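Novice: Below you will find the structure I want to go over with you.
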Amino acid sequence: FDIFASGLLLVLTWPIMLAAAFAILLESGVRQPVLYRQVRTGLNGEPFELLKFRSMRTDAEKDGAVWARQNDDRVTRVGRFIRSSRIDELPQIYNVLKGEMSFIGPRPERPEFVADLMREIPYYTERHRVKPGLMGWAQLCYPYGASVEDAAQKLRYDLYYIKNHSMLLDTLIVVQTIEVVLVGHGAR
């Protein structure tokens, strides 16, 4: 399913991805990277390099890892648009094709934050029993989080998904995610 869904999504979205890359180049210049590579924690706690379109200034984390926040001043003008339309997430299709992510599952988190979250939140490591996903139940049910408290709330939805995942739940997540992307409804 992951390979089929990712391949189909890649075929359908390549013109959008090309336009996004071009817009990032126009705004930032050809010497700036279009893609942003960030280490995330995957299945069984293994790290992998997640790909996204760059939506922030290149010096956004010059002082170290920081939770992204709503109305983040580090986000560029093009970045604001590609984030709100979720276009910034499309390069992760490659992560799914490589087998590092699944189409649906808990969103992968940064190792810098995972270490703290494992100490602060009971059962946090349980979310690493499945591959992280391009889309997930927690993203649909809880607004964008930028704190330990938010991560604890999202973990409830991740654990619900892990315990109850089925083709029906996966279908519901896909349908609701399409609604969020196309219509703009949803928790984010």
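By order of appearance in the structure tokens: chains A, B, ..., then residues from 1 within every chain, and ligands from 1 in the order shown.
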Using DSSP secondary structure from the backbone, list all alpha helix (DSSP H) positions within range 125-172 of chain A, as a ChimeraX atom specification.
Specialist: /A:137-141,148-164,167-172
Novice: With a distance cut-off of 9 Å and only C-alpha atoms, select the neighbouring residues of Glu46 in chain A, excluding the residue or stretch itself and same-chain residues fewer than 5 positions from it, and output the selection as a ChimeraX atom specification.
Specialist: /A:40-41,128
Novice: Would you output that residue set with all heavy atoms, as a PDB file, in the first residue's frame?
Specialist:
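result29.pdb, written as the output of this step:
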```
ATOM      1  N   ARG A  40      15.183  12.563  11.995  1.00  0.00           N
ATOM      2  CA  ARG A  40      13.986  12.255  12.774  1.00  0.00           C
ATOM      3  C   ARG A  40      14.119  10.847  13.331  1.00  0.00           C
ATOM      4  O   ARG A  40      14.937  10.052  12.870  1.00  0.00           O
ATOM      5  CB  ARG A  40      12.726  12.331  11.904  1.00  0.00           C
ATOM      6  CG  ARG A  40      12.424  13.701  11.344  1.00  0.00           C
ATOM      7  CD  ARG A  40      11.923  14.657  12.424  1.00  0.00           C
ATOM      8  NE  ARG A  40      11.656  15.977  11.901  1.00  0.00           N
ATOM      9  CZ  ARG A  40      10.449  16.471  11.703  1.00  0.00           C
ATOM     10  NH1 ARG A  40       9.383  15.749  11.972  1.00  0.00           N
ATOM     11  NH2 ARG A  40      10.303  17.695  11.245  1.00  0.00           N
ATOM     12  N   THR A  41      13.296  10.516  14.301  1.00  0.00           N
ATOM     13  CA  THR A  41      13.308   9.195  14.921  1.00  0.00           C
ATOM     14  C   THR A  41      12.227   8.340  14.275  1.00  0.00           C
ATOM     15  O   THR A  41      11.068   8.743  14.214  1.00  0.00           O
ATOM     16  CB  THR A  41      13.076   9.310  16.436  1.00  0.00           C
ATOM     17  OG1 THR A  41      14.092  10.158  16.983  1.00  0.00           O
ATOM     18  CG2 THR A  41      13.129   7.948  17.104  1.00  0.00           C
ATOM     19  N   HIS A 128       7.157   4.375  18.679  1.00  0.00           N
ATOM     20  CA  HIS A 128       8.215   3.931  17.769  1.00  0.00           C
ATOM     21  C   HIS A 128       8.097   2.453  17.410  1.00  0.00           C
ATOM     22  O   HIS A 128       8.972   1.896  16.769  1.00  0.00           O
ATOM     23  CB  HIS A 128       9.590   4.229  18.377  1.00  0.00           C
ATOM     24  CG  HIS A 128       9.798   5.686  18.616  1.00  0.00           C
ATOM     25  ND1 HIS A 128      10.250   6.189  19.818  1.00  0.00           N
ATOM     26  CD2 HIS A 128       9.581   6.761  17.819  1.00  0.00           C
ATOM     27  CE1 HIS A 128      10.312   7.504  19.742  1.00  0.00           C
ATOM     28  NE2 HIS A 128       9.908   7.878  18.538  1.00  0.00           N
TER      29      HIS A 128
END
```
Novice: One decimal, in Å: what's the spacing between CA of Cys141 in chain A and CA of Glu112 in chain A?
Specialist: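 Computed distance, CA of Cys141 in chain A to CA of Glu112 in chain A, equals 24.5 Å.
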Novice: Ranking A:Ile24, A:Ile178, A:Val34, A:Val39 by minimum distance to Gly136 in chain A and counting only C-alpha atoms, which one comes first?
Specialist: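 When distances to Gly136 in chain A are compared using only C-alpha atoms, the smallest one comes from A:Ile178.
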Novice: So that I can see what lies close to Val96 in chain A, please list as a PyMOL selection string the residues with an atom at most 9 Å from it, counting only C-alpha atoms and leaving out residues fewer than 5 positions away in the same chain.
Specialist: chain A and resi 2-3+6+101-103+133-134
Novice: Identify which of the residues A:Arg37, A:Lys154, A:Lys98, A:Arg119 lies closest to Lys52 in chain A, counting only C-alpha atoms when measuring atom-to-atom distances.
Specialist: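 Using only C-alpha atoms, Lys52 in chain A sits closest to A:Arg37.
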Novice: Closest to Glu120 in chain A among A:Ala151, A:Ala5, A:Ala19, A:Val183, using only C-alpha atoms?
Specialist: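 Of A:Ala151, A:Ala5, A:Ala19, A:Val183, the one nearest Glu120 in chain A is A:Ala151, counting only C-alpha atoms.
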Novice: Measure the distance from CA of Leu117 in chain A to CA of Gly45 in chain A in Å and round it to one decimal.
Specialist: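 Calculated distance between CA of Leu117 in chain A and CA of Gly45 in chain A is 12.8 Å.
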Novice: Measuring between only C-alpha atoms, which one of A:Met56, A:Leu9, A:Leu97, A:Leu50 shows the shortest distance to Arg80 in chain A?
Specialist: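 Result for the nearest residue to Arg80 in chain A: A:Met56.
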Novice: Report, in Å to a single decimal, how far apart CA of Tyr142 in chain A and CA of Glu126 in chain A are.
Specialist: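 Distance between the two atoms: 18.7 Å.
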Novice: As a PyMOL selection string, please: the residues near Gly79 in chain A (cut-off 8 Å, only C-alpha atoms, same-chain neighbours under 3 positions excluded).
Specialist: chain A and resi 24+54-56+75-76+82-83+88
Novice: Would you list the contacts of Ile104 in chain A as number ranges by chain, taking every protein, DNA or RNA residue within 10 Å and counting only C-alpha atoms, but skipping same-chain residues closer than 6 positions in sequence?
Specialist: A: 2, 96, 130-137, 161, 165, 169-171, 173-174
Novice: Keeping N, CA, C and O atoms, export the residues of the selection given above as a JSON list (two decimals), in the first residue's frame.
Specialist:
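Output saved as selection07.json:
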```json
[["chain", "number", "residue", "atom", "x", "y", "z"],
["A", 2, "ASP", "N", 1.92, 1.27, 0.84],
["A", 2, "ASP", "CA", 2.77, 2.46, 0.93],
["A", 2, "ASP", "C", 3.41, 2.79, -0.42],
["A", 2, "ASP", "O", 3.44, 3.95, -0.83],
["A", 96, "VAL", "N", 8.91, 7.59, 2.18],
["A", 96, "VAL", "CA", 8.01, 6.44, 2.16],
["A", 96, "VAL", "C", 8.50, 5.41, 1.14],
["A", 96, "VAL", "O", 8.55, 4.22, 1.43],
["A", 130, "VAL", "N", 5.85, 1.37, 15.42],
["A", 130, "VAL", "CA", 5.38, 1.37, 14.03],
["A", 130, "VAL", "C", 6.18, 2.42, 13.26],
["A", 130, "VAL", "O", 6.75, 3.34, 13.87],
["A", 131, "LYS", "N", 6.19, 2.29, 11.95],
["A", 131, "LYS", "CA", 6.86, 3.31, 11.15],
["A", 131, "LYS", "C", 6.15, 4.64, 11.29],
["A", 131, "LYS", "O", 4.92, 4.69, 11.37],
["A", 132, "PRO", "N", 6.90, 5.72, 11.32],
["A", 132, "PRO", "CA", 6.25, 7.03, 11.32],
["A", 132, "PRO", "C", 5.55, 7.25, 10.00],
["A", 132, "PRO", "O", 5.88, 6.62, 8.99],
["A", 133, "GLY", "N", 4.58, 8.16, 9.98],
["A", 133, "GLY", "CA", 3.78, 8.35, 8.78],
["A", 133, "GLY", "C", 3.80, 9.74, 8.21],
["A", 133, "GLY", "O", 4.10, 10.73, 8.89],
["A", 134, "LEU", "N", 3.47, 9.81, 6.95],
["A", 134, "LEU", "CA", 3.31, 11.06, 6.23],
["A", 134, "LEU", "C", 2.07, 11.80, 6.76],
["A", 134, "LEU", "O", 2.02, 13.01, 6.81],
["A", 135, "MET", "N", 1.06, 11.04, 7.14],
["A", 135, "MET", "CA", -0.15, 11.60, 7.74],
["A", 135, "MET", "C", -0.52, 10.72, 8.92],
["A", 135, "MET", "O", -0.13, 9.56, 8.97],
["A", 136, "GLY", "N", -1.25, 11.29, 9.89],
["A", 136, "GLY", "CA", -1.58, 10.50, 11.06],
["A", 136, "GLY", "C", -2.82, 10.97, 11.78],
["A", 136, "GLY", "O", -3.33, 12.07, 11.54],
["A", 137, "TRP", "N", -3.29, 10.12, 12.69],
["A", 137, "TRP", "CA", -4.49, 10.39, 13.46],
["A", 137, "TRP", "C", -4.31, 11.60, 14.36],
["A", 137, "TRP", "O", -5.19, 12.45, 14.48],
["A", 161, "TYR", "N", -4.14, 5.06, 17.57],
["A", 161, "TYR", "CA", -3.92, 4.57, 16.20],
["A", 161, "TYR", "C", -3.16, 3.25, 16.22],
["A", 161, "TYR", "O", -3.53, 2.29, 15.53],
["A", 165, "HIS", "N", -5.21, 0.36, 14.64],
["A", 165, "HIS", "CA", -5.06, 0.61, 13.21],
["A", 165, "HIS", "C", -5.67, -0.52, 12.38],
["A", 165, "HIS", "O", -5.61, -1.68, 12.73],
["A", 169, "LEU", "N", -9.66, 2.61, 9.52],
["A", 169, "LEU", "CA", -9.09, 3.79, 10.16],
["A", 169, "LEU", "C", -8.13, 4.50, 9.21],
["A", 169, "LEU", "O", -8.14, 5.73, 9.11],
["A", 170, "ASP", "N", -7.30, 3.73, 8.49],
["A", 170, "ASP", "CA", -6.38, 4.34, 7.52],
["A", 170, "ASP", "C", -7.15, 5.09, 6.43],
["A", 170, "ASP", "O", -6.76, 6.19, 6.04],
["A", 171, "THR", "N", -8.25, 4.51, 5.97],
["A", 171, "THR", "CA", -9.07, 5.16, 4.94],
["A", 171, "THR", "C", -9.66, 6.46, 5.49],
["A", 171, "THR", "O", -9.66, 7.49, 4.80],
["A", 173, "ILE", "N", -8.40, 8.35, 7.82],
["A", 173, "ILE", "CA", -7.30, 9.31, 7.94],
["A", 173, "ILE", "C", -6.99, 9.92, 6.57],
["A", 173, "ILE", "O", -6.81, 11.14, 6.46],
["A", 174, "VAL", "N", -6.94, 9.10, 5.53],
["A", 174, "VAL", "CA", -6.65, 9.61, 4.19],
["A", 174, "VAL", "C", -7.75, 10.58, 3.75],
["A", 174, "VAL", "O", -7.46, 11.68, 3.28]]
```
Novice: A:Ile93, A:Val148, A:Ile87, A:Leu140: which is nearest Asp116 in chain A, counting only C-alpha atoms?
Specialist: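 Going through A:Ile93, A:Val148, A:Ile87, A:Leu140 one by one, the smallest distance to Asp116 in chain A is for A:Val148.
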Novice: Using only C-alpha atoms, find the one residue out of A:Ile121, A:Met167, A:Leu155, A:Ala21 that sits nearest to Arg107 in chain A.
Specialist: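 The shortest atom-to-atom distance to Arg107 in chain A comes from A:Leu155.
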